[in-house]
file start.csv (CSV, C-alpha atoms and all ligand atoms)
chain,number,residue,atom,x,y,z
A,1,MET,CA,85.8,-5.6,1.6
A,2,ILE,CA,83.6,-2.9,0.2
A,3,ALA,CA,82.6,0.1,2.2
A,4,ALA,CA,79.4,-1.5,3.2
A,5,ALA,CA,78.8,1.2,5.8
A,6,LEU,CA,78.0,3.6,3.0
A,7,LEU,CA,75.4,1.3,1.6
A,8,VAL,CA,73.4,0.1,4.5
A,9,PRO,CA,71.0,2.3,6.4
A,10,VAL,CA,72.7,3.8,9.5
A,11,LEU,CA,70.5,4.8,12.4
A,12,PRO,CA,70.5,8.6,12.7
A,13,ALA,CA,72.3,9.9,15.7
A,14,THR,CA,69.8,10.7,18.4
A,15,ALA,CA,69.9,13.2,21.1
A,16,ALA,CA,71.6,11.7,24.2
A,17,HIS,CA,69.5,13.8,26.5
A,18,ALA,CA,65.9,14.0,25.4
A,19,ALA,CA,64.3,15.1,28.6
A,20,VAL,CA,62.1,18.1,29.0
A,21,VAL,CA,61.9,19.3,32.6
A,22,ARG,CA,59.0,21.6,33.6
A,23,HIS,CA,59.5,24.2,36.3
A,24,GLU,CA,56.2,25.7,37.4
A,25,ALA,CA,56.2,29.4,38.1
A,26,GLU,CA,54.2,29.0,41.3
A,27,ALA,CA,57.3,27.1,42.7
A,28,ALA,CA,59.8,29.7,41.7
A,29,THR,CA,61.2,32.6,43.8
A,30,ILE,CA,58.9,35.6,43.2
A,31,SER,CA,59.8,39.2,43.8
A,32,ASN,CA,57.0,41.6,43.3
A,33,GLY,CA,54.3,39.2,42.2
A,34,THR,CA,51.8,36.8,43.4
A,35,VAL,CA,50.7,33.2,42.7
A,36,ALA,CA,47.2,33.5,41.1
A,37,SER,CA,44.7,31.1,39.5
A,38,ASN,CA,42.0,33.5,38.4
A,39,HIS,CA,42.4,32.6,34.7
A,40,THR,CA,42.1,29.2,32.9
A,41,GLY,CA,44.4,27.0,30.9
A,42,PHE,CA,47.4,27.0,33.2
A,43,SER,CA,49.6,24.1,34.2
A,44,GLY,CA,50.1,23.1,37.8
A,45,SER,CA,48.2,24.9,40.6
A,46,GLY,CA,48.6,28.5,39.3
A,47,PHE,CA,50.7,31.0,37.6
A,48,VAL,CA,52.7,34.1,38.6
A,49,ASP,CA,50.9,37.5,38.2
A,50,TYR,CA,53.7,40.0,38.1
A,51,THR,CA,53.2,43.3,40.0
A,52,ASN,CA,52.7,46.0,37.4
A,53,ALA,CA,56.1,47.6,37.8
A,54,THR,CA,59.6,47.6,36.3
A,55,GLY,CA,61.9,45.1,38.1
A,56,SER,CA,59.3,42.5,39.1
A,57,SER,CA,60.9,39.1,38.8
A,58,VAL,CA,60.6,35.3,38.9
A,59,GLU,CA,63.7,33.1,39.4
A,60,TRP,CA,64.0,29.4,38.9
A,61,THR,CA,66.8,27.1,39.9
A,62,VAL,CA,67.5,24.7,37.1
A,63,THR,CA,69.7,21.7,37.4
A,64,ALA,CA,71.6,20.4,34.4
A,65,ALA,CA,73.5,17.1,34.2
A,66,ALA,CA,76.1,18.6,31.9
A,67,ALA,CA,77.2,22.0,30.8
A,68,GLY,CA,75.9,23.2,27.4
A,69,PRO,CA,73.0,24.8,25.6
A,70,VAL,CA,69.4,24.1,26.3
A,71,GLY,CA,66.1,25.5,25.0
A,72,LEU,CA,64.0,27.4,27.5
A,73,THR,CA,60.3,27.4,26.6
A,74,ILE,CA,58.4,30.0,28.6
A,75,ARG,CA,54.6,29.7,28.8
A,76,TYR,CA,53.0,33.1,29.3
A,77,ALA,CA,49.8,35.1,28.8
A,78,ASN,CA,49.5,38.7,28.1
A,79,GLY,CA,45.8,39.9,27.9
A,80,THR,CA,46.7,43.5,27.4
A,81,THR,CA,47.2,45.3,24.1
A,82,THR,CA,51.0,46.0,24.6
A,83,ASN,CA,54.2,44.0,24.8
A,84,ARG,CA,55.3,43.0,28.3
A,85,PRO,CA,59.1,42.7,27.8
A,86,MET,CA,61.4,41.1,30.3
A,87,ASP,CA,65.2,40.7,30.7
A,88,ILE,CA,66.3,37.1,30.8
A,89,ALA,CA,69.4,36.3,32.9
A,90,VAL,CA,71.2,33.0,33.5
A,91,ASN,CA,73.5,32.7,36.4
A,92,GLY,CA,73.5,36.5,36.7
A,93,THR,CA,74.4,37.2,33.1
A,94,ARG,CA,71.7,38.7,30.9
A,95,ILE,CA,71.2,36.6,27.8
A,96,SER,CA,68.3,38.5,26.3
A,97,ALA,CA,67.5,42.2,27.0
A,98,ALA,CA,63.8,43.3,27.0
A,99,HIS,CA,62.8,40.0,25.5
A,100,SER,CA,59.4,40.4,23.8
A,101,PHE,CA,56.3,38.8,25.3
A,102,PRO,CA,53.7,40.0,22.9
A,103,VAL,CA,49.9,40.1,23.5
A,104,THR,CA,47.9,36.9,23.5
A,105,ALA,CA,44.2,36.9,22.8
A,106,ASN,CA,43.3,37.3,26.5
A,107,TRP,CA,44.5,36.2,29.9
A,108,ASP,CA,43.2,32.7,29.3
A,109,THR,CA,45.2,32.2,26.2
A,110,TRP,CA,48.8,31.0,26.7
A,111,SER,CA,51.7,31.2,24.3
A,112,ASP,CA,55.3,30.1,24.2
A,113,ALA,CA,58.4,32.2,24.0
A,114,THR,CA,61.7,30.3,23.4
A,115,VAL,CA,65.3,31.2,24.0
A,116,THR,CA,68.5,29.2,24.1
A,117,ALA,CA,70.7,29.3,27.2
A,118,ASN,CA,74.0,27.9,28.2
A,119,LEU,CA,73.8,26.1,31.5
A,120,ASN,CA,76.5,25.0,33.8
A,121,ALA,CA,76.6,21.4,35.1
A,122,GLY,CA,74.7,21.4,38.4
A,123,SER,CA,72.7,24.2,39.7
A,124,ASN,CA,71.8,27.3,37.6
A,125,THR,CA,69.5,30.4,38.1
A,126,VAL,CA,67.2,31.5,35.4
A,127,LEU,CA,65.7,35.0,36.1
A,128,PHE,CA,62.9,36.9,34.3
A,129,THR,CA,62.7,40.6,35.2
A,130,SER,CA,60.1,43.0,33.8
A,131,THR,CA,61.5,46.1,32.1
A,132,THR,CA,58.4,48.3,31.8
A,133,ALA,CA,55.9,49.7,34.2
A,134,GLY,CA,53.3,47.2,33.1
A,135,GLY,CA,55.3,44.4,34.7
A,136,GLY,CA,55.8,41.0,33.2
A,137,PRO,CA,53.1,38.9,31.5
A,138,ASN,CA,51.5,36.1,33.5
A,139,LEU,CA,54.0,33.3,33.7
A,140,ASP,CA,52.9,29.7,33.9
A,141,TYR,CA,56.1,27.7,33.6
A,142,VAL,CA,59.5,27.3,31.9
A,143,ASP,CA,60.3,24.0,30.2
A,144,VAL,CA,64.0,23.2,30.0
A,145,ASN,CA,64.3,21.4,26.8
A,146,LEU,CA,67.4,19.3,26.5
A,147,VAL,CA,66.4,18.1,23.0
A,148,ALA,CA,67.3,21.6,21.7
A,149,THR,CA,71.0,20.9,22.3
A,150,GLY,CA,70.8,19.0,19.1
A,151,ALA,CA,71.9,15.6,18.1
A,152,THR,CA,75.0,13.9,19.5
A,153,LYS,CA,77.3,12.5,16.8
A,154,TYR,CA,78.8,9.1,17.4
A,155,GLU,CA,81.7,8.4,15.1
A,156,ALA,CA,82.0,4.9,13.7
A,157,GLU,CA,85.7,4.9,14.7
A,158,ASN,CA,84.7,5.2,18.3
A,159,GLY,CA,82.2,2.4,18.2
A,160,VAL,CA,82.7,-1.3,17.7
A,161,CYS,CA,83.1,-2.0,14.0
A,162,GLN,CA,82.9,-5.6,12.7
A,163,GLY,CA,85.3,-4.9,9.9
A,164,THR,CA,88.0,-2.2,9.7
A,165,ILE,CA,88.1,1.5,10.2
A,166,ASP,CA,89.2,2.9,6.9
A,167,SER,CA,89.9,6.3,5.5
A,168,ASN,CA,90.5,5.6,1.9
A,169,HIS,CA,87.5,7.6,0.6
A,170,LEU,CA,86.6,11.2,0.8
A,171,ASN,CA,84.3,13.3,2.9
A,172,PHE,CA,83.9,11.2,6.0
A,173,SER,CA,83.4,12.8,9.4
A,174,GLY,CA,86.0,12.3,12.1
A,175,THR,CA,89.0,10.2,11.3
A,176,GLY,CA,87.5,7.3,9.3
A,177,PHE,CA,84.5,5.1,8.7
A,178,CYS,CA,83.5,1.6,9.4
A,179,ASN,CA,84.1,-0.7,6.4
A,180,THR,CA,82.0,-3.6,7.6
A,181,ASP,CA,83.0,-7.2,6.8
A,182,ASN,CA,81.6,-8.6,3.5
A,183,ALA,CA,79.3,-11.0,5.4
A,184,THR,CA,75.6,-11.2,6.2
A,185,GLY,CA,75.0,-9.8,9.7
A,186,ALA,CA,78.2,-7.8,9.9
A,187,THR,CA,77.5,-5.2,12.6
A,188,MET,CA,78.4,-1.7,13.7
A,189,THR,CA,77.6,-1.0,17.4
A,190,TRP,CA,77.6,2.2,19.3
A,191,THR,CA,76.9,2.5,23.1
A,192,VAL,CA,74.8,5.5,23.9
A,193,PRO,CA,73.4,6.8,27.2
A,194,SER,CA,69.7,6.3,27.8
A,195,ALA,CA,67.4,9.3,28.4
A,196,SER,CA,66.9,8.0,32.0
A,197,SER,CA,70.5,8.7,32.7
A,198,CYS,CA,69.9,12.4,32.1
A,199,ALA,CA,68.8,14.8,34.8
B,201,LIG,C1,44.6,41.7,35.1
B,201,LIG,C2,44.7,40.2,35.0
B,201,LIG,C3,45.9,39.6,35.7
B,201,LIG,C4,47.2,40.3,35.1
B,201,LIG,C5,47.0,41.8,35.3
B,201,LIG,C6,48.2,42.6,34.7
B,201,LIG,O1,44.4,42.1,36.4
B,201,LIG,O2,43.6,39.6,35.6
B,201,LIG,O3,46.0,38.2,35.6
B,201,LIG,O4,48.3,39.9,35.8
B,201,LIG,O5,45.8,42.2,34.6
B,201,LIG,O6,48.0,43.6,34.1
B,201,LIG,O7,49.3,42.1,34.8

call {"tool": "encode", "arguments": {"input": "start.csv", "output": "structure tokens"}}
result
Amino acid sequence: MIAAALLVPVLPATAAHAAVVRHEAEAATISNGTVASNHTGFSGSGFVDYTNATGSSVEWTVTAAAAGPVGLTIRYANGTTTNRPMDIAVNGTRISAAHSFPVTANWDTWSDATVTANLNAGSNTVLFTSTTAGGGPNLDYVDVNLVATGATKYEAENGVCQGTIDSNHLNFSGTGFCNTDNATGATMTWTVPSASSCA
């Protein structure tokens, strides 16, 4: 047998959880702010207009199927001429202090800020609290982006190899590689979860 697995194209590992779940600000728990719709370009039925004060906050409850890192994409507008920083906390732990929400062209122009957060399996809180007297920017939504967790690696030695799992060459990942049989149609099969099995 030759190490055919090194010669044939192997499908790239794909993210097991490719879901993006949108959490609208108007459905969050708001402390010192109101739901407004007096500007354009927002998603859903409105956005949160923070009270112009330090300590105004918006909190979402976010459910994750598994523990691990996710990307949080925060849609915001800041029609002033100064930054509107906010602390970002996940499950009560601050993950970013005075995170910058810089000016956008006007209140109708929305921009994205992104951070990475570690979530627990199950229910999590994600809290955005203004840290200056101006309050927070207008907040439209947070997208929880499970793609940002990166690709999941499926080792050949854990799949079904039509051939043998060998280790007689260098630089393989894991404990070996699939040396497929010297035959047309020799296969290597991995079983991966579908996106629909992800929360
Ligand atoms: C303006 C604007 C609001 C914004 C507010 C602010 O009033 O219309 O949408 O929230 O400024 O300074 O935060």

call {"tool": "closest_residue", "arguments": {"input": "start.csv", "among": "A:Lys153, A:His99, A:Arg94, A:His39", "to": "ligand LIG 201 (chain B)", "atoms": "only C-alpha atoms and all ligand atoms"}}
result
A:His39

call {"tool": "closest_atom_pairs", "arguments": {"input": "start.csv", "of": "chain A", "to": "ligand LIG 201 (chain B)", "cutoff": "7 Å", "atoms": "all atoms listed in the file", "output": "Markdown table"}}
result
| residue | atom | partner | partner_atom | distance |
| --- | --- | --- | --- | --- |
| A:Asn38 | CA | B:LIG201 | O3 | 6.8 |
| A:His39 | CA | B:LIG201 | O3 | 6.7 |
| A:Asp49 | CA | B:LIG201 | O4 | 4.3 |
| A:Tyr50 | CA | B:LIG201 | O4 | 5.9 |
| A:Thr51 | CA | B:LIG201 | O7 | 6.6 |
| A:Asn52 | CA | B:LIG201 | O7 | 5.8 |
| A:Thr80 | CA | B:LIG201 | O6 | 6.8 |
| A:Trp107 | CA | B:LIG201 | O3 | 6.2 |
| A:Gly134 | CA | B:LIG201 | O6 | 6.5 |
| A:Gly135 | CA | B:LIG201 | O7 | 6.4 |
| A:Gly136 | CA | B:LIG201 | O7 | 6.8 |
| A:Pro137 | CA | B:LIG201 | O7 | 6.0 |
| A:Asn138 | CA | B:LIG201 | O4 | 5.5 |

call {"tool": "atom_distance", "arguments": {"input": "start.csv", "atom1": "atom CA of A:Val48", "atom2": "atom CA of A:Asn118"}}
result
24.5 Å

call {"tool": "residues_around", "arguments": {"input": "start.csv", "residues": "A:Ser130", "least_positions_apart": "3", "cutoff": "7 Å", "atoms": "all atoms listed in the file", "output": "PyMOL selection string"}}
result
chain A and resi 54-57+85-87+135-136

call {"tool": "write_last_selection", "arguments": {"input": "start.csv", "atoms": "C-alpha atoms", "output": "short mmCIF file (atom, residue, chain, number, x, y, z; two decimals), keeping the file's coordinate frame"}}
result
data_model
loop_
_atom_site.label_atom_id
_atom_site.label_comp_id
_atom_site.auth_asym_id
_atom_site.auth_seq_id
_atom_site.Cartn_x
_atom_site.Cartn_y
_atom_site.Cartn_z
CA THR A 54 59.60 47.60 36.30
CA GLY A 55 61.90 45.10 38.10
CA SER A 56 59.30 42.50 39.10
CA SER A 57 60.90 39.10 38.80
CA PRO A 85 59.10 42.70 27.80
CA MET A 86 61.40 41.10 30.30
CA ASP A 87 65.20 40.70 30.70
CA GLY A 135 55.30 44.40 34.70
CA GLY A 136 55.80 41.00 33.20
#

call {"tool": "residues_around", "arguments": {"input": "start.csv", "residues": "A:Phe42", "least_positions_apart": "5", "cutoff": "12 Å", "atoms": "all atoms listed in the file", "output": "PDB file with C-alpha atoms, in the coordinates of the input"}}
result
ATOM      1  CA  GLU A  24      56.200  25.700  37.400  1.00  0.00           C
ATOM      2  CA  ALA A  25      56.200  29.400  38.100  1.00  0.00           C
ATOM      3  CA  GLU A  26      54.200  29.000  41.300  1.00  0.00           C
ATOM      4  CA  VAL A  35      50.700  33.200  42.700  1.00  0.00           C
ATOM      5  CA  ALA A  36      47.200  33.500  41.100  1.00  0.00           C
ATOM      6  CA  SER A  37      44.700  31.100  39.500  1.00  0.00           C
ATOM      7  CA  PHE A  47      50.700  31.000  37.600  1.00  0.00           C
ATOM      8  CA  VAL A  48      52.700  34.100  38.600  1.00  0.00           C
ATOM      9  CA  ARG A  75      54.600  29.700  28.800  1.00  0.00           C
ATOM     10  CA  TYR A  76      53.000  33.100  29.300  1.00  0.00           C
ATOM     11  CA  ALA A  77      49.800  35.100  28.800  1.00  0.00           C
ATOM     12  CA  TRP A 107      44.500  36.200  29.900  1.00  0.00           C
ATOM     13  CA  ASP A 108      43.200  32.700  29.300  1.00  0.00           C
ATOM     14  CA  THR A 109      45.200  32.200  26.200  1.00  0.00           C
ATOM     15  CA  TRP A 110      48.800  31.000  26.700  1.00  0.00           C
ATOM     16  CA  SER A 111      51.700  31.200  24.300  1.00  0.00           C
ATOM     17  CA  ASN A 138      51.500  36.100  33.500  1.00  0.00           C
ATOM     18  CA  LEU A 139      54.000  33.300  33.700  1.00  0.00           C
ATOM     19  CA  ASP A 140      52.900  29.700  33.900  1.00  0.00           C
ATOM     20  CA  TYR A 141      56.100  27.700  33.600  1.00  0.00           C
TER      21      TYR A 141
END

call {"tool": "closest_residue", "arguments": {"input": "start.csv", "among": "A:Gly68, A:Pro193, A:Gly92, A:Gly79", "to": "A:Thr125", "atoms": "all atoms listed in the file"}}
result
A:Gly92

call {"tool": "atom_distance", "arguments": {"input": "start.csv", "atom1": "atom CA of A:Ala27", "atom2": "atom CA of A:Val142"}}
result
11.0 Å

call {"tool": "atom_distance", "arguments": {"input": "start.csv", "atom1": "atom CA of A:Asp112", "atom2": "atom CA of A:Thr73"}}
result
6.2 Å

call {"tool": "closest_residue", "arguments": {"input": "start.csv", "among": "A:Asn124, A:Thr40, A:Thr175, A:Asn78", "to": "A:Thr61", "atoms": "all atoms listed in the file"}}
result
A:Asn124

call {"tool": "decode", "arguments": {"input": "start.csv", "residues": "stretch 139-168 of chain A", "atoms": "N, CA and C atoms", "output": "CSV table (one decimal), in the first residue's frame"}}
result
chain,number,residue,atom,x,y,z
A,139,LEU,N,-27.8,50.2,20.8
A,139,LEU,CA,-27.5,48.7,20.5
A,139,LEU,C,-28.6,48.1,19.8
A,140,ASP,N,-28.3,47.4,18.7
A,140,ASP,CA,-29.3,46.8,17.8
A,140,ASP,C,-29.5,45.3,18.2
A,141,TYR,N,-28.3,44.6,18.2
A,141,TYR,CA,-28.4,43.1,18.5
A,141,TYR,C,-27.0,42.6,18.8
A,142,VAL,N,-26.9,41.4,19.4
A,142,VAL,CA,-25.7,40.7,19.4
A,142,VAL,C,-25.9,39.4,18.7
A,143,ASP,N,-25.0,39.1,17.8
A,143,ASP,CA,-25.0,37.8,17.1
A,143,ASP,C,-24.0,36.9,17.8
A,144,VAL,N,-24.4,35.7,18.2
A,144,VAL,CA,-23.5,34.7,18.8
A,144,VAL,C,-23.1,33.8,17.7
A,145,ASN,N,-21.8,33.9,17.3
A,145,ASN,CA,-21.3,33.3,16.1
A,145,ASN,C,-20.4,32.1,16.5
A,146,LEU,N,-21.1,31.0,16.3
A,146,LEU,CA,-20.4,29.7,16.7
A,146,LEU,C,-19.3,29.3,15.7
A,147,VAL,N,-19.3,29.9,14.5
A,147,VAL,CA,-18.3,29.7,13.5
A,147,VAL,C,-16.9,30.1,14.1
A,148,ALA,N,-16.9,31.1,14.9
A,148,ALA,CA,-15.7,31.7,15.4
A,148,ALA,C,-14.9,30.8,16.3
A,149,THR,N,-15.6,29.7,16.7
A,149,THR,CA,-14.9,28.7,17.5
A,149,THR,C,-13.8,28.0,16.7
A,150,GLY,N,-13.8,28.2,15.4
A,150,GLY,CA,-12.8,27.6,14.5
A,150,GLY,C,-13.2,26.2,14.1
A,151,ALA,N,-12.4,25.6,13.3
A,151,ALA,CA,-12.7,24.3,12.7
A,151,ALA,C,-12.5,23.2,13.8
A,152,THR,N,-13.3,22.1,13.6
A,152,THR,CA,-13.1,20.9,14.4
A,152,THR,C,-12.3,19.9,13.6
A,153,LYS,N,-11.2,19.4,14.2
A,153,LYS,CA,-10.4,18.5,13.5
A,153,LYS,C,-10.8,17.0,13.8
A,154,TYR,N,-11.0,16.3,12.7
A,154,TYR,CA,-11.4,14.9,12.8
A,154,TYR,C,-10.2,14.1,12.3
A,155,GLU,N,-9.6,13.4,13.2
A,155,GLU,CA,-8.4,12.6,12.9
A,155,GLU,C,-8.8,11.4,12.1
A,156,ALA,N,-8.0,11.0,11.1
A,156,ALA,CA,-8.3,9.8,10.3
A,156,ALA,C,-8.4,8.5,11.2
A,157,GLU,N,-7.5,8.5,12.2
A,157,GLU,CA,-7.5,7.3,13.1
A,157,GLU,C,-8.8,7.1,13.9
A,158,ASN,N,-9.6,8.2,13.9
A,158,ASN,CA,-10.9,8.1,14.6
A,158,ASN,C,-12.1,7.9,13.7
A,159,GLY,N,-11.8,7.9,12.4
A,159,GLY,CA,-12.8,7.6,11.4
A,159,GLY,C,-12.8,6.2,10.9
A,160,VAL,N,-13.4,6.0,9.8
A,160,VAL,CA,-13.4,4.6,9.2
A,160,VAL,C,-12.5,4.6,8.0
A,161,CYS,N,-11.4,4.0,8.1
A,161,CYS,CA,-10.4,4.0,7.1
A,161,CYS,C,-10.4,2.7,6.3
A,162,GLN,N,-10.6,2.7,5.0
A,162,GLN,CA,-10.6,1.5,4.2
A,162,GLN,C,-9.1,1.3,3.8
A,163,GLY,N,-8.4,0.7,4.7
A,163,GLY,CA,-7.0,0.5,4.6
A,163,GLY,C,-6.4,0.3,6.0
A,164,THR,N,-5.3,0.9,6.3
A,164,THR,CA,-4.7,0.7,7.6
A,164,THR,C,-4.4,2.1,8.2
A,165,ILE,N,-4.4,2.2,9.5
A,165,ILE,CA,-3.9,3.4,10.2
A,165,ILE,C,-2.4,3.2,10.4
A,166,ASP,N,-1.6,4.0,9.7
A,166,ASP,CA,-0.2,3.8,9.8
A,166,ASP,C,0.5,5.0,10.5
A,167,SER,N,1.7,4.9,10.8
A,167,SER,CA,2.4,6.0,11.5
A,167,SER,C,3.9,5.9,11.1
A,168,ASN,N,4.2,5.4,9.9
A,168,ASN,CA,5.5,5.2,9.5
A,168,ASN,C,6.1,6.3,8.6
